[in-house]
Every structure is written in structure tokens, then in C-alpha cells.
$ cat coords-v5.pdb   # PDB, C-alpha atoms and all ligand atoms
ATOM      1  CA  MET A   1      28.042   6.433  17.436
ATOM      2  CA  GLN A   2      27.378   4.026  14.581
ATOM      3  CA  LEU A   3      29.143   5.938  11.795
ATOM      4  CA  LYS A   4      32.061   7.519  13.626
ATOM      5  CA  ASP A   5      34.464   9.207  11.147
ATOM      6  CA  ARG A   6      32.863   7.564   8.123
ATOM      7  CA  VAL A   7      32.639   9.726   5.000
ATOM      8  CA  ALA A   8      29.180   9.787   3.421
ATOM      9  CA  ILE A   9      27.772  11.284   0.240
ATOM     10  CA  VAL A  10      24.013  11.848   0.297
ATOM     11  CA  THR A  11      22.565  13.047  -3.005
ATOM     12  CA  GLY A  12      19.400  15.130  -3.056
ATOM     13  CA  ALA A  13      20.126  16.074   0.551
ATOM     14  CA  GLY A  14      18.924  19.664   0.275
ATOM     15  CA  GLN A  15      15.457  18.756   1.541
ATOM     16  CA  GLY A  16      13.095  15.900   2.326
ATOM     17  CA  ILE A  17      14.344  12.389   3.022
ATOM     18  CA  GLY A  18      17.931  13.189   1.972
ATOM     19  CA  ALA A  19      18.174  16.090   4.422
ATOM     20  CA  GLY A  20      16.891  13.811   7.218
ATOM     21  CA  VAL A  21      19.485  11.175   6.273
ATOM     22  CA  ALA A  22      22.358  13.695   6.146
ATOM     23  CA  LYS A  23      21.444  14.969   9.617
ATOM     24  CA  ALA A  24      21.078  11.464  11.049
ATOM     25  CA  TYR A  25      24.453  10.397   9.618
ATOM     26  CA  ALA A  26      26.145  13.477  11.085
ATOM     27  CA  ARG A  27      24.619  12.738  14.497
ATOM     28  CA  GLU A  28      26.117   9.237  14.236
ATOM     29  CA  GLY A  29      29.567  10.770  13.729
ATOM     30  CA  ALA A  30      29.912  10.715   9.925
ATOM     31  CA  ARG A  31      31.330  13.508   7.805
ATOM     32  CA  VAL A  32      28.581  14.237   5.300
ATOM     33  CA  ALA A  33      28.624  15.718   1.809
ATOM     34  CA  VAL A  34      25.223  17.319   1.332
ATOM     35  CA  VAL A  35      24.860  17.074  -2.438
ATOM     36  CA  ASP A  36      22.067  18.801  -4.306
ATOM     37  CA  MET A  37      21.370  20.714  -7.499
ATOM     38  CA  SER A  38      20.028  23.523  -5.304
ATOM     39  CA  ILE A  39      23.076  24.961  -3.554
ATOM     40  CA  GLU A  40      20.911  27.210  -1.353
ATOM     41  CA  SER A  41      19.128  24.269   0.243
ATOM     42  CA  ALA A  42      22.331  22.196   0.459
ATOM     43  CA  ASN A  43      24.065  25.105   2.193
ATOM     44  CA  GLN A  44      21.202  25.368   4.668
ATOM     45  CA  VAL A  45      21.281  21.668   5.578
ATOM     46  CA  ALA A  46      25.089  21.701   5.911
ATOM     47  CA  ALA A  47      24.890  24.835   8.077
ATOM     48  CA  ASP A  48      22.270  23.176  10.320
ATOM     49  CA  ILE A  49      24.528  20.130  10.745
ATOM     50  CA  ASN A  50      27.630  22.194  11.473
ATOM     51  CA  ALA A  51      25.680  24.348  13.943
ATOM     52  CA  GLU A  52      24.726  21.165  15.814
ATOM     53  CA  GLY A  53      28.413  20.237  16.089
ATOM     54  CA  GLY A  54      28.421  17.828  13.143
ATOM     55  CA  ARG A  55      30.666  17.881  10.084
ATOM     56  CA  ALA A  56      29.117  18.639   6.703
ATOM     57  CA  MET A  57      29.919  20.295   3.407
ATOM     58  CA  ALA A  58      27.459  21.391   0.750
ATOM     59  CA  VAL A  59      28.280  20.455  -2.837
ATOM     60  CA  LEU A  60      26.412  21.651  -5.911
ATOM     61  CA  CYS A  61      25.916  18.785  -8.352
ATOM     62  CA  ASN A  62      23.386  17.549 -10.865
ATOM     63  CA  VAL A  63      23.764  13.781 -10.558
ATOM     64  CA  ALA A  64      22.564  13.256 -14.121
ATOM     65  CA  GLU A  65      25.722  15.018 -15.365
ATOM     66  CA  ARG A  66      28.685  12.688 -15.217
ATOM     67  CA  GLU A  67      31.364  15.398 -15.157
ATOM     68  CA  GLN A  68      29.641  17.169 -12.286
ATOM     69  CA  VAL A  69      29.459  13.892 -10.369
ATOM     70  CA  ASN A  70      33.158  13.169 -10.912
ATOM     71  CA  ALA A  71      34.035  16.702  -9.764
ATOM     72  CA  MET A  72      31.788  16.329  -6.683
ATOM     73  CA  VAL A  73      33.423  13.031  -5.663
ATOM     74  CA  ALA A  74      36.885  14.534  -6.271
ATOM     75  CA  GLN A  75      35.997  17.461  -3.993
ATOM     76  CA  VAL A  76      34.792  15.160  -1.205
ATOM     77  CA  THR A  77      37.798  12.863  -1.552
ATOM     78  CA  GLN A  78      40.184  15.793  -1.481
ATOM     79  CA  ALA A  79      38.616  17.133   1.713
ATOM     80  CA  TRP A  80      38.102  13.865   3.582
ATOM     81  CA  SER A  81      40.399  11.428   1.704
ATOM     82  CA  ARG A  82      37.775   8.775   0.887
ATOM     83  CA  VAL A  83      34.105   7.885   0.490
ATOM     84  CA  ASP A  84      32.716   5.069   2.662
ATOM     85  CA  ILE A  85      28.984   5.498   2.123
ATOM     86  CA  LEU A  86      26.999   6.545  -0.951
ATOM     87  CA  VAL A  87      23.283   7.259  -0.716
ATOM     88  CA  ASN A  88      21.726   7.570  -4.172
ATOM     89  CA  ASN A  89      18.701   9.536  -3.017
ATOM     90  CA  ALA A  90      18.265  12.395  -5.533
ATOM     91  CA  GLY A  91      14.980  12.065  -7.354
ATOM     92  CA  ILE A  92      12.292  13.841  -9.334
ATOM     93  CA  THR A  93       8.836  13.097 -10.655
ATOM     94  CA  ARG A  94       7.375  14.247 -13.978
ATOM     95  CA  THR A  95       3.801  13.066 -13.720
ATOM     96  CA  ALA A  96       1.572  12.480 -16.770
ATOM     97  CA  MET A  97      -0.750   9.755 -18.019
ATOM     98  CA  LEU A  98       1.218   7.503 -20.335
ATOM     99  CA  HIS A  99      -0.522   8.545 -23.546
ATOM    100  CA  LYS A 100       0.349  12.163 -22.782
ATOM    101  CA  MET A 101       3.835  11.736 -21.368
ATOM    102  CA  THR A 102       6.460  13.495 -23.444
ATOM    103  CA  ALA A 103       9.766  11.906 -24.428
ATOM    104  CA  GLN A 104      11.431  14.628 -22.368
ATOM    105  CA  GLN A 105       9.463  13.702 -19.234
ATOM    106  CA  TRP A 106      10.413  10.071 -19.744
ATOM    107  CA  GLN A 107      14.104  10.892 -20.250
ATOM    108  CA  ASP A 108      14.335  13.404 -17.398
ATOM    109  CA  VAL A 109      13.159  10.912 -14.782
ATOM    110  CA  LEU A 110      15.376   8.082 -16.049
ATOM    111  CA  ALA A 111      18.340  10.475 -16.218
ATOM    112  CA  VAL A 112      18.152  11.444 -12.542
ATOM    113  CA  HIS A 113      17.195   8.128 -10.938
ATOM    114  CA  LEU A 114      19.027   5.602 -13.123
ATOM    115  CA  THR A 115      21.866   7.468 -14.841
ATOM    116  CA  GLY A 116      22.397   9.630 -11.758
ATOM    117  CA  SER A 117      22.698   6.605  -9.458
ATOM    118  CA  PHE A 118      25.014   4.891 -11.964
ATOM    119  CA  ASN A 119      27.210   7.996 -12.301
ATOM    120  CA  CYS A 120      27.624   8.251  -8.528
ATOM    121  CA  LEU A 121      28.262   4.518  -8.152
ATOM    122  CA  GLN A 122      31.033   4.525 -10.750
ATOM    123  CA  ALA A 123      32.618   7.652  -9.305
ATOM    124  CA  VAL A 124      33.038   6.129  -5.812
ATOM    125  CA  VAL A 125      33.503   2.436  -6.514
ATOM    126  CA  ASP A 126      37.213   2.287  -7.347
ATOM    127  CA  GLY A 127      38.177   3.869  -4.017
ATOM    128  CA  MET A 128      35.853   1.501  -2.144
ATOM    129  CA  ILE A 129      37.350  -1.528  -3.891
ATOM    130  CA  GLU A 130      40.849  -0.301  -3.069
ATOM    131  CA  ARG A 131      39.992   0.041   0.628
ATOM    132  CA  ARG A 132      37.796  -3.083   0.693
ATOM    133  CA  TYR A 133      34.951  -1.202   2.338
ATOM    134  CA  GLY A 134      31.776   0.418   1.095
ATOM    135  CA  ARG A 135      28.082   0.903   1.681
ATOM    136  CA  ILE A 136      25.903   1.704  -1.340
ATOM    137  CA  ILE A 137      22.320   2.645  -0.568
ATOM    138  CA  TYR A 138      19.765   3.088  -3.311
ATOM    139  CA  VAL A 139      16.323   4.620  -2.974
ATOM    140  CA  THR A 140      13.463   2.860  -4.691
ATOM    141  CA  SER A 141       9.689   3.124  -4.169
ATOM    142  CA  ALA A 142       6.465   1.190  -3.887
ATOM    143  CA  ALA A 143       5.888   2.533  -7.410
ATOM    144  CA  GLY A 144       8.723   0.335  -8.664
ATOM    145  CA  VAL A 145       7.066  -2.808  -7.318
ATOM    146  CA  LEU A 146       3.346  -2.069  -7.658
ATOM    147  CA  GLY A 147       3.313   0.386 -10.584
ATOM    148  CA  THR A 148       1.433   3.643 -10.327
ATOM    149  CA  ILE A 149      -0.981   5.645 -12.429
ATOM    150  CA  GLY A 150       0.499   8.687 -14.182
ATOM    151  CA  GLN A 151       4.100   7.771 -13.433
ATOM    152  CA  ILE A 152       5.228   5.128 -15.917
ATOM    153  CA  ASN A 153       8.616   6.879 -16.064
ATOM    154  CA  TYR A 154       9.058   6.918 -12.279
ATOM    155  CA  SER A 155       7.844   3.315 -11.853
ATOM    156  CA  ALA A 156      10.250   2.135 -14.555
ATOM    157  CA  ALA A 157      13.134   4.029 -12.961
ATOM    158  CA  LYS A 158      12.401   2.718  -9.466
ATOM    159  CA  ALA A 159      12.013  -0.863 -10.757
ATOM    160  CA  GLY A 160      15.329  -0.396 -12.548
ATOM    161  CA  ILE A 161      16.926   0.616  -9.273
ATOM    162  CA  LEU A 162      15.900  -2.741  -7.799
ATOM    163  CA  GLY A 163      17.906  -4.453 -10.550
ATOM    164  CA  MET A 164      20.836  -2.090 -10.006
ATOM    165  CA  THR A 165      20.786  -2.878  -6.274
ATOM    166  CA  LYS A 166      20.992  -6.619  -6.846
ATOM    167  CA  SER A 167      23.673  -6.374  -9.550
ATOM    168  CA  THR A 168      25.745  -3.988  -7.434
ATOM    169  CA  ALA A 169      25.453  -6.323  -4.464
ATOM    170  CA  LYS A 170      26.495  -9.397  -6.464
ATOM    171  CA  GLU A 171      29.399  -7.707  -8.242
ATOM    172  CA  LEU A 172      30.858  -5.955  -5.233
ATOM    173  CA  ALA A 173      30.324  -8.508  -2.459
ATOM    174  CA  ARG A 174      33.795  -9.940  -2.953
ATOM    175  CA  HIS A 175      35.229  -6.497  -2.200
ATOM    176  CA  ASN A 176      33.369  -6.245   1.132
ATOM    177  CA  ILE A 177      30.974  -3.652  -0.310
ATOM    178  CA  THR A 178      27.269  -4.019   0.376
ATOM    179  CA  ALA A 179      24.410  -2.582  -1.661
ATOM    180  CA  ASN A 180      20.838  -2.325  -0.427
ATOM    181  CA  ALA A 181      17.727  -0.339  -1.286
ATOM    182  CA  ILE A 182      15.124   1.452   0.779
ATOM    183  CA  ALA A 183      11.554   2.041  -0.372
ATOM    184  CA  PRO A 184      10.425   4.968   1.760
ATOM    185  CA  GLY A 185       7.164   6.789   2.190
ATOM    186  CA  ALA A 186       7.377  10.217   3.738
ATOM    187  CA  ALA A 187       5.825  13.645   3.955
ATOM    188  CA  THR A 188       8.100  15.652   1.635
ATOM    189  CA  PRO A 189       7.579  18.217  -1.133
ATOM    190  CA  MET A 190       7.647  15.334  -3.645
ATOM    191  CA  THR A 191       4.453  13.888  -2.168
ATOM    192  CA  GLU A 192       2.673  17.163  -1.505
ATOM    193  CA  THR A 193      -0.011  16.734  -4.167
ATOM    194  CA  ILE A 194      -1.155  13.308  -3.008
ATOM    195  CA  ARG A 195      -1.112  14.447   0.609
ATOM    196  CA  THR A 196      -3.063  17.631   0.072
ATOM    197  CA  ASP A 197      -5.247  17.123  -3.014
ATOM    198  CA  GLU A 198      -8.729  15.938  -1.982
ATOM    199  CA  ARG A 199      -8.865  13.601  -5.008
ATOM    200  CA  PHE A 200      -5.911  11.506  -3.773
ATOM    201  CA  ARG A 201      -5.511  12.095  -0.052
ATOM    202  CA  GLU A 202      -7.951   9.620   1.492
ATOM    203  CA  LYS A 203      -7.354   6.982  -1.162
ATOM    204  CA  TYR A 204      -3.620   7.005  -0.403
ATOM    205  CA  LEU A 205      -3.991   7.037   3.347
ATOM    206  CA  ASP A 206      -6.367   4.062   3.091
ATOM    207  CA  ARG A 207      -3.524   2.106   1.488
ATOM    208  CA  ILE A 208      -1.140   2.787   4.397
ATOM    209  CA  PRO A 209      -1.919   0.367   7.269
ATOM    210  CA  LEU A 210      -0.281   2.694   9.800
ATOM    211  CA  GLY A 211      -2.725   5.341   8.578
ATOM    212  CA  ARG A 212      -0.301   8.247   8.275
ATOM    213  CA  TRP A 213       2.728   9.545   6.401
ATOM    214  CA  ALA A 214       6.131   9.378   8.030
ATOM    215  CA  GLU A 215       8.355  12.344   8.664
ATOM    216  CA  PRO A 216      11.788  12.132   6.951
ATOM    217  CA  GLU A 217      13.320  11.770  10.439
ATOM    218  CA  GLU A 218      11.378   8.514  10.909
ATOM    219  CA  ILE A 219      12.819   7.099   7.692
ATOM    220  CA  ALA A 220      16.427   8.107   8.377
ATOM    221  CA  PRO A 221      17.184   5.314  10.927
ATOM    222  CA  VAL A 222      16.759   2.707   8.189
ATOM    223  CA  PHE A 223      19.426   4.526   6.180
ATOM    224  CA  VAL A 224      21.656   4.521   9.270
ATOM    225  CA  PHE A 225      21.201   0.749   9.557
ATOM    226  CA  PHE A 226      22.301   0.104   5.961
ATOM    227  CA  ALA A 227      25.284   2.466   6.357
ATOM    228  CA  SER A 228      26.467   0.962   9.625
ATOM    229  CA  ASP A 229      28.272  -2.209  10.667
ATOM    230  CA  ALA A 230      24.960  -3.536  12.005
ATOM    231  CA  SER A 231      24.095  -4.475   8.406
ATOM    232  CA  ALA A 232      27.523  -5.946   7.536
ATOM    233  CA  TYR A 233      25.980  -9.295   6.510
ATOM    234  CA  VAL A 234      23.000  -7.821   4.617
ATOM    235  CA  THR A 235      23.314  -7.144   0.898
ATOM    236  CA  GLY A 236      21.085  -6.981  -2.170
ATOM    237  CA  GLN A 237      17.979  -6.410  -0.031
ATOM    238  CA  VAL A 238      15.080  -3.989  -0.208
ATOM    239  CA  LEU A 239      13.577  -2.605   2.957
ATOM    240  CA  ALA A 240      10.247  -0.807   2.725
ATOM    241  CA  ALA A 241       9.771   1.939   5.312
ATOM    242  CA  ASP A 242       6.313   2.793   4.080
ATOM    243  CA  GLY A 243       3.853   2.284   6.923
ATOM    244  CA  GLY A 244       2.995  -1.151   5.513
ATOM    245  CA  MET A 245       1.805   0.135   2.133
ATOM    246  CA  THR A 246       3.486  -2.725   0.258
ATOM    247  CA  ILE A 247       2.398  -5.581   2.518
ATOM    248  CA  HIS A 248       1.235  -8.369   0.246
TER     249      HIS A 248
HETATM  250  N1  LIG A 301       8.560  11.000  -0.299
HETATM  251  C1  LIG A 301       8.168   9.750  -0.526
HETATM  252  O1  LIG A 301       7.122   9.302  -0.039
HETATM  253  C2  LIG A 301       8.981   8.856  -1.394
HETATM  254  C3  LIG A 301       8.460   7.576  -1.656
HETATM  255  C4  LIG A 301       9.211   6.680  -2.398
HETATM  256  C5  LIG A 301      10.447   7.051  -2.864
HETATM  257  N2  LIG A 301      10.930   8.314  -2.619
HETATM  258  C6  LIG A 301      12.253   8.630  -3.149
HETATM  259  O2  LIG A 301      13.043   9.173  -2.092
HETATM  260  C7  LIG A 301      13.992  10.077  -2.646
HETATM  261  C8  LIG A 301      13.873  11.425  -1.942
HETATM  262  O3  LIG A 301      12.542  11.876  -2.107
HETATM  263  P1  LIG A 301      11.958  13.143  -1.344
HETATM  264  O4  LIG A 301      10.513  12.842  -1.140
HETATM  265  O5  LIG A 301      12.806  13.508  -0.208
HETATM  266  O6  LIG A 301      12.081  14.234  -2.524
HETATM  267  P2  LIG A 301      12.185  15.835  -2.471
HETATM  268  O7  LIG A 301      11.624  16.307  -3.752
HETATM  269  O8  LIG A 301      11.666  16.374  -1.196
HETATM  270  O9  LIG A 301      13.781  16.068  -2.475
HETATM  271  C9  LIG A 301      14.567  15.658  -3.559
HETATM  272  C10 LIG A 301      15.873  16.432  -3.551
HETATM  273  O10 LIG A 301      16.657  15.968  -4.666
HETATM  274  C11 LIG A 301      17.220  17.084  -5.323
HETATM  275  N3  LIG A 301      17.475  16.728  -6.723
HETATM  276  C12 LIG A 301      16.559  16.502  -7.704
HETATM  277  N4  LIG A 301      17.174  16.219  -8.849
HETATM  278  C13 LIG A 301      18.502  16.254  -8.608
HETATM  279  C14 LIG A 301      19.648  16.063  -9.412
HETATM  280  N5  LIG A 301      19.545  15.780 -10.725
HETATM  281  N6  LIG A 301      20.880  16.173  -8.841
HETATM  282  C15 LIG A 301      20.994  16.468  -7.525
HETATM  283  N7  LIG A 301      19.946  16.696  -6.721
HETATM  284  C16 LIG A 301      18.706  16.583  -7.267
HETATM  285  C17 LIG A 301      16.190  18.184  -5.192
HETATM  286  O11 LIG A 301      16.773  19.473  -5.395
HETATM  287  C18 LIG A 301      15.686  17.950  -3.767
HETATM  288  O12 LIG A 301      16.464  18.655  -2.824
HETATM  289  C19 LIG A 301      13.721  10.118  -4.139
HETATM  290  O13 LIG A 301      14.565   9.217  -4.807
HETATM  291  C20 LIG A 301      12.289   9.663  -4.239
HETATM  292  O14 LIG A 301      11.990   9.135  -5.501
HETATM  293  C21 LIG A 301      10.218   9.215  -1.909
END
$ encode --input "coords-v5.pdb" --output "C-alpha cells"
Amino acid sequence: MQLKDRVAIVTGAGQGIGAGVAKAYAREGARVAVVDMSIESANQVAADINAEGGRAMAVLCNVAEREQVNAMVAQVTQAWSRVDILVNNAGITRTAMLHKMTAQQWQDVLAVHLTGSFNCLQAVVDGMIERRYGRIIYVTSAAGVLGTIGQINYSAAKAGILGMTKSTAKELARHNITANAIAPGAATPMTETIRTDERFREKYLDRIPLGRWAEPEEIAPVFVFFASDASAYVTGQVLAADGGMTIH
């Protein structure tokens, strides 16, 4: 088991990639806080993990709200005495062409991806520094590197996460805390439109050399790698698990 007795927080773990990561971490022996703003889905994922013999708790939290994040981390720390691994996975899209995008759509996406990741980082970092151990994992996207039509807010947020990853890695390296980012591509509700809408489907698949979407379970092992001791000497890096979409 690669994560035996580690304590992990996975945000946005109620479905999709986050749910796959929470389950994979539990199978590797970690205690997992399944954090989501939908408590029903978080409860379901935690129940699935516990039914399999793993250890999970569901926590309701909107990562964009600092007080909720602090309360969530306090709850996890109280139950399991520390946080070893943080996965900043929670994310949303608010798609619109840039001339039509509202200020609210712009703010909402930045609030979840950037402010949410920052809130969670600050809430766990002091404990990690104290114990001289931590794994911070951010989730970025091909959109952050290549840009994408109709998602200037999402592309900006995901590019910002690349900067956060590198700054986190540089600042925290001396405390034995690593920070890395994963750029995934997977079949989840977030990507439903491009996978099912005739206008986008073939065009997108043509851009993926492996010719198919991944399942969240195929992405999760990369998250295990960055959470485990196997990546102890890797920090500030971005790993694309995207079927080759960003080969250039
Ligand atoms: N699916 C892909 O192909 C893909 C590609 C690149 C990047 N990503 C990124 O991967 C991450 C997960 O994506 P997914 O496809 O699994 O998405 P998803 O929509 O299937 O799941 C996202 C989860 O995050 C939760 N969430 C949303 N806002 C939240 C908030 N403010 N606080 C707490 N929880 C919140 C949702 O309730 C949901 O359970 C996101 O950061 C996304 O941007 C996904």
C-alpha cells in the first residue's frame, strides 16, 4: 500500500475525477476526506469507500468560502489529527464566448479554481510545515496551456494554477513539501457536452492521439504517484494524463 495511514483531503470528490482519486487513495490505505459542495454525492462516495473496507468521511464545503474551508480542515484534523495530502480538484466551468461572458461567470470560475485552491492550501500548510511533510496536488488542464474557445475564464484559472503550483513548490520545498499539478482528460459530467454534442465530438477526439476519453479510474494512478513516496524527489511539475492531447 503506497499511502498507508496517510490523511488525504480531496476536494470535488463527490463525482468524476475526484471520486476516482478518493477511491484510489483509500485502496492504497489512506484515510480520505471526500469534500464536495454536494453532500449527497460526497456521502455516496464515502459510503462506497467504507463499504469496500476503506476509511472515508464526507465533508460539505464550498472551497471558494474561506470559513467553510477552515472548518472543513479543522473537522478532518480533529478526526485524524493531521493532513498529509491535499488534492485541489474541485472545479466548474461557465462557458461563454468572451464578448458575451458576464462578470459573474468570470468571477465564479476564478473563485472556485484559484481562490478555492488557495484557501485549501493555506488551511493545511501550517500543519504540514510543522510536521515537515506534505503533498499538494493541483489540477490544471490543457485549456490552461493551449487556451480554449468559449472558456477564457477557465483557461485563465487553469493557467493561474500552473503558476500556483510552481510558487508552492519553490516556497515549500525547504519544508519537505512537494507541489505538482495534473492536467487530466476524462469522461466526466464536466465534459459531457463535448463528448456527446455532434458539433464537438469528432473534432475533440481527433485531437486525442489515443483516440478516446479516459475513465476517472485511469487518471487516478497519476494522483497516487504524486501523493506517494515514489514522487518524493519530484516537485513543481505538471503531468498531462490526457491521451496525448497536449503533445507538442
Ligand atoms: N474531465 C476532464 O476532462 C478535465 C480536463 C481537465 C481538467 N479537469 C479538471 O479536473 C477537475 C475535476 O473535473 P471533473 O471532470 O471530475 O468535474 P465534475 O464536474 O465531474 O466534478 C467536479 C466536482 O466538484 C464539485 N465542486 C464544484 N464546485 C465546488 C466548490 N466550490 N466546492 C466544493 N466542491 C465543488 C462538484 O460538486 C463536483 O462533484 C476540475 O478541476 C476540472 O477543471 C477535468
$ resolve_selection --input "coords-v5.pdb" --expression "the PyMOL selection byres (((not hetatm)) within 7 of (chain A and resi 301))" --output "VMD selection string"
chain A and resid 11 to 18 35 to 38 41 61 to 64 89 to 92 112 to 113 116 139 to 142 183 to 191
$ closest_residue --input "coords-v5.pdb" --among "A:Arg27, A:Arg6, A:His175, A:His248" --to "Val145 in chain A" --atoms "only C-alpha atoms"
A:His248
$ resolve_selection --input "coords-v5.pdb" --expression "the PyMOL selection byres (((chain A and resi 111) around 12) and not hetatm)" --output "ChimeraX atom specification"
/A:62-66,90-94,103-110,112-119,153-154,156-158,160
$ write_last_selection --input "coords-v5.pdb" --atoms "C-alpha atoms" --output "CSV table (one decimal), in the coordinates of the input"
chain,number,residue,atom,x,y,z
A,62,ASN,CA,23.4,17.5,-10.9
A,63,VAL,CA,23.8,13.8,-10.6
A,64,ALA,CA,22.6,13.3,-14.1
A,65,GLU,CA,25.7,15.0,-15.4
A,66,ARG,CA,28.7,12.7,-15.2
A,90,ALA,CA,18.3,12.4,-5.5
A,91,GLY,CA,15.0,12.1,-7.4
A,92,ILE,CA,12.3,13.8,-9.3
A,93,THR,CA,8.8,13.1,-10.7
A,94,ARG,CA,7.4,14.2,-14.0
A,103,ALA,CA,9.8,11.9,-24.4
A,104,GLN,CA,11.4,14.6,-22.4
A,105,GLN,CA,9.5,13.7,-19.2
A,106,TRP,CA,10.4,10.1,-19.7
A,107,GLN,CA,14.1,10.9,-20.2
A,108,ASP,CA,14.3,13.4,-17.4
A,109,VAL,CA,13.2,10.9,-14.8
A,110,LEU,CA,15.4,8.1,-16.0
A,112,VAL,CA,18.2,11.4,-12.5
A,113,HIS,CA,17.2,8.1,-10.9
A,114,LEU,CA,19.0,5.6,-13.1
A,115,THR,CA,21.9,7.5,-14.8
A,116,GLY,CA,22.4,9.6,-11.8
A,117,SER,CA,22.7,6.6,-9.5
A,118,PHE,CA,25.0,4.9,-12.0
A,119,ASN,CA,27.2,8.0,-12.3
A,153,ASN,CA,8.6,6.9,-16.1
A,154,TYR,CA,9.1,6.9,-12.3
A,156,ALA,CA,10.2,2.1,-14.6
A,157,ALA,CA,13.1,4.0,-13.0
A,158,LYS,CA,12.4,2.7,-9.5
A,160,GLY,CA,15.3,-0.4,-12.5
$ resolve_selection --input "coords-v5.pdb" --expression "the PyMOL selection byres (((chain A and resi 124) around 10) and not hetatm)" --output "PyMOL selection string"
chain A and resi 9+69-70+73-74+77+82-86+119-123+125-129+134+136
$ write_last_selection --input "coords-v5.pdb" --atoms "C-alpha atoms" --output "PDB file, keeping the file's coordinate frame"
ATOM      1  CA  ILE A   9      27.772  11.284   0.240  1.00  0.00           C
ATOM      2  CA  VAL A  69      29.459  13.892 -10.369  1.00  0.00           C
ATOM      3  CA  ASN A  70      33.158  13.169 -10.912  1.00  0.00           C
ATOM      4  CA  VAL A  73      33.423  13.031  -5.663  1.00  0.00           C
ATOM      5  CA  ALA A  74      36.885  14.534  -6.271  1.00  0.00           C
ATOM      6  CA  THR A  77      37.798  12.863  -1.552  1.00  0.00           C
ATOM      7  CA  ARG A  82      37.775   8.775   0.887  1.00  0.00           C
ATOM      8  CA  VAL A  83      34.105   7.885   0.490  1.00  0.00           C
ATOM      9  CA  ASP A  84      32.716   5.069   2.662  1.00  0.00           C
ATOM     10  CA  ILE A  85      28.984   5.498   2.123  1.00  0.00           C
ATOM     11  CA  LEU A  86      26.999   6.545  -0.951  1.00  0.00           C
ATOM     12  CA  ASN A 119      27.210   7.996 -12.301  1.00  0.00           C
ATOM     13  CA  CYS A 120      27.624   8.251  -8.528  1.00  0.00           C
ATOM     14  CA  LEU A 121      28.262   4.518  -8.152  1.00  0.00           C
ATOM     15  CA  GLN A 122      31.033   4.525 -10.750  1.00  0.00           C
ATOM     16  CA  ALA A 123      32.618   7.652  -9.305  1.00  0.00           C
ATOM     17  CA  VAL A 125      33.503   2.436  -6.514  1.00  0.00           C
ATOM     18  CA  ASP A 126      37.213   2.287  -7.347  1.00  0.00           C
ATOM     19  CA  GLY A 127      38.177   3.869  -4.017  1.00  0.00           C
ATOM     20  CA  MET A 128      35.853   1.501  -2.144  1.00  0.00           C
ATOM     21  CA  ILE A 129      37.350  -1.528  -3.891  1.00  0.00           C
ATOM     22  CA  GLY A 134      31.776   0.418   1.095  1.00  0.00           C
ATOM     23  CA  ILE A 136      25.903   1.704  -1.340  1.00  0.00           C
TER      24      ILE A 136
END
$ closest_residue --input "coords-v5.pdb" --among "A:Ala143, A:His99, A:Ala232, A:Gly243" --to "Leu210 in chain A" --atoms "only C-alpha atoms"
A:Gly243
